[in-house]
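*Asks:* Following this message is one structure expressed as structure tokens.
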There are 2 protein chains.
Amino acid sequence: MFIEIEPSSEIPIYTQLVNQLIELIAKGELQPNDTLPSVRSLAADLGVNMHTVNKAYHELERKNIIRIIPKSGAVVSEITTPTDEQLATITHALKTVLAESTVYGMNKDEVLSIALTIMSDYKEG
Amino acid sequence: MFIEIEPSSEIPIYTQLVNQLIELIAKGELQPNDTLPSVRSLAADLGVNMHTVNKAYHELERKNIIRIIPKSGAVVSEITTPTDEQLATITHALKTVLAESTVYGMNKDEVLSIALTIMSDYKEG
DNA sequence: ATTTCTGTTATAATTCAATTAGAACAGATT
DNA sequence: AATCTGTTCTAATTGAATTATAACAGAAAT
């Protein structure tokens with residue numbers, strides 16, 4: 001599992017973890033029903049505190065991306081149909097990014113081209 | 001100028017300000033060479049501190065979206081060609097959003113459809 | 001069955017970002 | 001001249017993020 005944390009980043013460590021785990025799943029390097037490493041072992045690997053990894057896992061559970069089985073471990077969820085909440089989350093995030101790209105002078109085709117390139121690394125891309 | 005701040009949001013006030021000002025520019029409601037309200041007056045309108053607005057303006061200047069003229073005011077910059085740094089910023093942000101959308105089970109066409117809808121509200125959309 | 005590993009929970013301390021507050025300064029605008 | 005502007009400084013508060021220990025109890029492994 002290739003995860004790299006930048007301790008000095010302005011992005012919280014647990015958020016970096018959430019984002020990188022999502023990317024691993026999107027790339028298929030972590031697949032549904034795969035088990036995640038224990039919070040203790042991953043914390044040791046990354047040199048961060050157990051509670052920080054725990055917080056990231058619970059954030060992923062809140063997003064319905066993994067299931068946490070009490071006293072046992074965490075498992076990647078099946079990918080199904082997005083919920084309304086998930087659609088709203090993506091739509092809002094896209095709005096922010098696309099507004100910024102517009103202000104930077106990027107046109108529709110440029111942005112879509114970048115998006116297609118990125119998605120080619122992900123599932124169904 | 002229609003800006004709404006959620007004081008209890010987990011998103012910092014100055015970031016909410018940055019994002020909403022970017023959206024106003026993307027929509028054309030704020031145009032190049034338009035002057036932004038003074039930090040004092042906008043702060044009073046929104047019920048936040050002057051320093052918070054000032055921080056947002058400086059963040060927008062760092063992104064090359066506005067120019068701050070010392071002792072005078074802030075002006076929306078001309079939209080030109082994106083810098084490499086701006087391209088990298090957008091690409092990185094898109095990666096994060098698109099990975100999440102993939103994990104949520106959204107396919108390429110769904111995401112592109114949402115993106116096109118959003119961009120239709122923005123310049124060159 | 002016992003040991004080990006697991007997530008869970010609780011308390012505590014530290015660090016830092018975000019926000020607010022108040023004041024003073026000096027250039028720009030009116 | 002008076003007012004408005006961003007700038008700078010100090011100061012205080014609040015809360016999030018992170019780390020550190022410790023103990024608990026269920027799950028898994030031997």
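We name chains A, B, ... following the order of the structure tokens; residues begin at 1 in each chain, and ligands are numbered from 1 as shown.
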What are the DSSP strand (DSSP E or B) residues of range 6-118 of chain B, as JSON, numbers by chain?

*Replies:* {"B": [35, 66, 67, 68, 69, 73, 74, 75, 76]}

*Asks:* Could the residues in this selection be written to a file with C-alpha atoms, as a compact mmCIF listing (two decimals), in the first residue's frame?

*Replies:*
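Saved result, result_25.txt, follows:
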```txt
# COMPACT_ATOMS: atom_id res chain seq x y z
CA THR B 35 -13.32 46.93 -7.82
CA ILE B 66 -7.27 39.97 -8.09
CA ARG B 67 -4.73 42.76 -7.76
CA ILE B 68 -4.41 44.63 -4.50
CA ILE B 69 -3.36 48.24 -4.89
CA GLY B 73 -8.32 48.77 -3.03
CA ALA B 74 -8.67 45.47 -4.84
CA VAL B 75 -9.43 44.98 -8.52
CA VAL B 76 -10.44 41.87 -10.47
```

*Asks:* With a cut-off of 9 Å and counting only C-alpha atoms, select all residues of chain A in contact with chain B and give the selection as an NGL selection string.

*Replies:* :A and (19-20 or 22-27 or 64-65 or 79-83 or 86-87 or 90-91 or 93-108 or 111-112 or 114-116 or 118-119 or 122-125)

*Asks:* Can I get the selection written as a CSV table (one decimal), in the first residue's frame, with C-alpha atoms?

*Replies:*
```
chain,number,residue,atom,x,y,z
A,19,ASN,CA,-8.0,11.2,-0.2
A,20,GLN,CA,-5.2,8.8,-0.9
A,22,ILE,CA,-10.0,7.0,-2.2
A,23,GLU,CA,-7.6,7.2,-5.0
A,24,LEU,CA,-6.3,3.7,-4.3
A,25,ILE,CA,-9.9,2.4,-4.5
A,26,ALA,CA,-10.6,4.4,-7.7
A,27,LYS,CA,-7.5,2.9,-9.3
A,64,ASN,CA,-20.1,4.9,2.8
A,65,ILE,CA,-16.8,4.0,1.2
A,79,ILE,CA,-19.4,0.1,-5.4
A,80,THR,CA,-23.1,0.6,-6.3
A,81,THR,CA,-25.2,3.5,-7.3
A,82,PRO,CA,-24.4,7.0,-5.8
A,83,THR,CA,-26.8,8.3,-3.2
A,86,GLN,CA,-23.0,11.6,-2.7
A,87,LEU,CA,-24.2,13.3,-5.9
A,90,ILE,CA,-19.6,15.7,-6.0
A,91,THR,CA,-21.6,18.4,-7.6
A,93,ALA,CA,-16.9,20.0,-5.2
A,94,LEU,CA,-17.1,20.2,-9.0
A,95,LYS,CA,-18.6,23.7,-8.9
A,96,THR,CA,-15.8,25.0,-6.8
A,97,VAL,CA,-13.1,23.5,-9.1
A,98,LEU,CA,-14.7,24.5,-12.3
A,99,ALA,CA,-15.3,28.0,-11.2
A,100,GLU,CA,-11.6,28.4,-10.4
A,101,SER,CA,-10.6,26.9,-13.7
A,102,THR,CA,-12.9,29.3,-15.5
A,103,VAL,CA,-11.3,32.3,-13.7
A,104,TYR,CA,-7.9,30.9,-14.7
A,105,GLY,CA,-8.9,31.3,-18.3
A,106,MET,CA,-9.3,27.6,-19.1
A,107,ASN,CA,-12.0,26.8,-21.6
A,108,LYS,CA,-14.5,23.9,-21.5
A,111,VAL,CA,-10.9,21.1,-18.6
A,112,LEU,CA,-12.8,18.2,-20.1
A,114,ILE,CA,-7.8,17.0,-18.3
A,115,ALA,CA,-10.8,15.3,-16.7
A,116,LEU,CA,-10.8,12.5,-19.3
A,118,ILE,CA,-7.5,11.6,-15.1
A,119,MET,CA,-10.5,9.3,-15.4
A,122,TYR,CA,-9.8,5.1,-12.7
A,123,LYS,CA,-12.4,2.4,-13.0
A,124,GLU,CA,-14.7,2.6,-16.0
A,125,GLY,CA,-12.3,5.2,-17.4
```

*Asks:* Pull the closest atom pair for each residue of chain D that gets at most 9 Å from chain B, along with the distance in Å to one decimal, counting only C-alpha atoms (C1' of nucleotides), ordering rows by chain and then ascending residue number, as JSON lines.

*Replies:*
```
{"residue": "D:DC4", "atom": "C1'", "partner": "B:Ser72", "partner_atom": "CA", "distance": 8.8}
{"residue": "D:DT5", "atom": "C1'", "partner": "B:Lys71", "partner_atom": "CA", "distance": 4.8}
{"residue": "D:DG6", "atom": "C1'", "partner": "B:Lys71", "partner_atom": "CA", "distance": 4.3}
{"residue": "D:DT7", "atom": "C1'", "partner": "B:Lys71", "partner_atom": "CA", "distance": 7.8}
```

*Asks:* Pick out the chain C residues within 9 Å of chain A. Count only C-alpha atoms (C1' of nucleotides). Give them as a list in words.

*Replies:*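 The answer, sorted by residue number, is DC5, DT6, DG7 and DT8 of chain C.
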
*Asks:* Pull the helix (DSSP H, G or I) assignments for chain B out of DSSP run on the backbone, and list those residues as a ChimeraX atom specification.

*Replies:* /B:13-27,39-46,50-62,84-103,108-119

*Asks:* Take the residues from that selection and put them in a file with C-alpha atoms, as a tab-separated table (two decimals), in the first residue's frame.

*Replies:*
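Result file follows (result06.tsv):
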```tsv
chain	number	residue	atom	x	y	z
B	13	ILE	CA	-14.85	31.83	6.64
B	14	TYR	CA	-12.03	33.24	4.54
B	15	THR	CA	-12.14	30.12	2.33
B	16	GLN	CA	-15.89	30.45	1.89
B	17	LEU	CA	-15.25	34.03	0.83
B	18	VAL	CA	-12.54	33.04	-1.64
B	19	ASN	CA	-14.75	30.38	-3.22
B	20	GLN	CA	-17.80	32.59	-3.53
B	21	LEU	CA	-15.85	35.47	-5.00
B	22	ILE	CA	-14.33	33.09	-7.54
B	23	GLU	CA	-17.82	31.90	-8.44
B	24	LEU	CA	-19.03	35.47	-8.90
B	25	ILE	CA	-16.15	36.11	-11.27
B	26	ALA	CA	-16.74	32.85	-13.14
B	27	LYS	CA	-20.38	33.81	-13.60
B	39	VAL	CA	-12.34	45.04	3.51
B	40	ARG	CA	-14.08	47.15	6.12
B	41	SER	CA	-17.39	47.49	4.31
B	42	LEU	CA	-17.58	43.85	3.22
B	43	ALA	CA	-16.70	42.75	6.72
B	44	ALA	CA	-19.49	44.91	8.09
B	45	ASP	CA	-21.96	43.55	5.53
B	46	LEU	CA	-21.12	39.95	6.37
B	50	MET	CA	-11.98	43.01	8.79
B	51	HIS	CA	-8.91	40.77	9.06
B	52	THR	CA	-10.88	37.80	7.82
B	53	VAL	CA	-11.87	39.59	4.63
B	54	ASN	CA	-8.34	40.86	4.26
B	55	LYS	CA	-7.04	37.30	4.44
B	56	ALA	CA	-9.46	36.20	1.72
B	57	TYR	CA	-8.38	39.06	-0.56
B	58	HIS	CA	-4.72	38.18	-0.10
B	59	GLU	CA	-5.48	34.56	-0.88
B	60	LEU	CA	-7.14	35.68	-4.11
B	61	GLU	CA	-4.12	37.83	-4.90
B	62	ARG	CA	-1.82	34.86	-4.31
B	84	ASP	CA	1.60	26.10	-15.03
B	85	GLU	CA	0.96	26.53	-11.34
B	86	GLN	CA	-2.73	27.20	-11.97
B	87	LEU	CA	-2.96	24.17	-14.27
B	88	ALA	CA	-1.36	22.02	-11.58
B	89	THR	CA	-3.78	23.32	-8.98
B	90	ILE	CA	-6.81	22.49	-11.10
B	91	THR	CA	-5.45	19.10	-12.11
B	92	HIS	CA	-4.80	18.13	-8.52
B	93	ALA	CA	-8.23	19.28	-7.38
B	94	LEU	CA	-9.89	17.44	-10.24
B	95	LYS	CA	-8.02	14.24	-9.37
B	96	THR	CA	-9.43	14.29	-5.87
B	97	VAL	CA	-13.01	14.95	-6.96
B	98	LEU	CA	-12.97	12.44	-9.81
B	99	ALA	CA	-11.50	9.70	-7.64
B	100	GLU	CA	-14.31	10.22	-5.15
B	101	SER	CA	-16.94	10.20	-7.87
B	102	THR	CA	-15.53	6.94	-9.20
B	103	VAL	CA	-15.69	5.33	-5.78
B	108	LYS	CA	-17.61	8.93	-16.99
B	109	ASP	CA	-20.72	10.17	-18.76
B	110	GLU	CA	-22.54	11.02	-15.56
B	111	VAL	CA	-19.64	13.11	-14.29
B	112	LEU	CA	-19.12	14.87	-17.60
B	113	SER	CA	-22.82	15.65	-17.80
B	114	ILE	CA	-22.74	17.31	-14.39
B	115	ALA	CA	-19.58	19.20	-15.31
B	116	LEU	CA	-21.13	20.51	-18.52
B	117	THR	CA	-24.23	21.66	-16.67
B	118	ILE	CA	-22.13	23.54	-14.15
B	119	MET	CA	-19.92	25.11	-16.80
```

*Asks:* Would you list the contacts of range 20-26 of chain C as a PyMOL selection string, taking every protein, DNA or RNA residue within 9 Å and counting only C-alpha atoms (C1' of nucleotides), but skipping same-chain residues closer than 2 positions in sequence?

*Replies:* (chain B and resi 48-49+51+71) or (chain D and resi 7-9+11-13)

*Asks:* Limited to C-alpha atoms (C1' of nucleotides), could you put the picked residues into a file as a PDB file, in the first residue's frame?

*Replies:*
```
ATOM      1  CA  VAL B  48     -17.210  39.201  10.211  1.00  0.00           C
ATOM      2  CA  ASN B  49     -13.908  40.727  11.127  1.00  0.00           C
ATOM      3  CA  HIS B  51      -8.912  40.774   9.060  1.00  0.00           C
ATOM      4  CA  LYS B  71      -3.752  51.914   0.330  1.00  0.00           C
TER       5      LYS B  71
ATOM      6  C1'  DT D   7      -1.120  47.822   6.408  1.00  0.00           C
ATOM      7  C1'  DT D   8       0.806  46.542  10.560  1.00  0.00           C
ATOM      8  C1'  DC D   9       0.999  45.344  15.362  1.00  0.00           C
ATOM      9  C1'  DA D  11      -3.452  40.403  22.115  1.00  0.00           C
ATOM     10  C1'  DA D  12      -6.880  37.186  23.373  1.00  0.00           C
ATOM     11  C1'  DT D  13     -10.034  33.361  22.546  1.00  0.00           C
TER      12       DT D  13
END
```

*Asks:* Which distance in Å separates C1' of DA22 in chain D and C1' of DA1 in chain C, to one decimal?

*Replies:*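 Between C1' of DA22 in chain D and C1' of DA1 in chain C the gap is 26.1 Å.
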
*Asks:* Hey, can you check how far CA of Ser9 in chain A sits from CA of Pro12 in chain B?

*Replies:*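 If I compute the distance from CA of Ser9 in chain A to CA of Pro12 in chain B, I get 16.6 Å.
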
*Asks:* Tell me, in Å to one decimal, how far CA of Ile11 in chain B is from C1' of DA12 in chain C.

*Replies:*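 That distance, rounded to one decimal, is 27.1 Å.
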
*Asks:* Name the residues in contact with DT21 in chain D at a cut-off of 10 Å, using only C-alpha atoms (C1' of nucleotides), excluding same-chain residues fewer than 2 positions from it; report them as a PyMOL selection string.

*Replies:* (chain C and resi 11-12) or (chain D and resi 19+23)
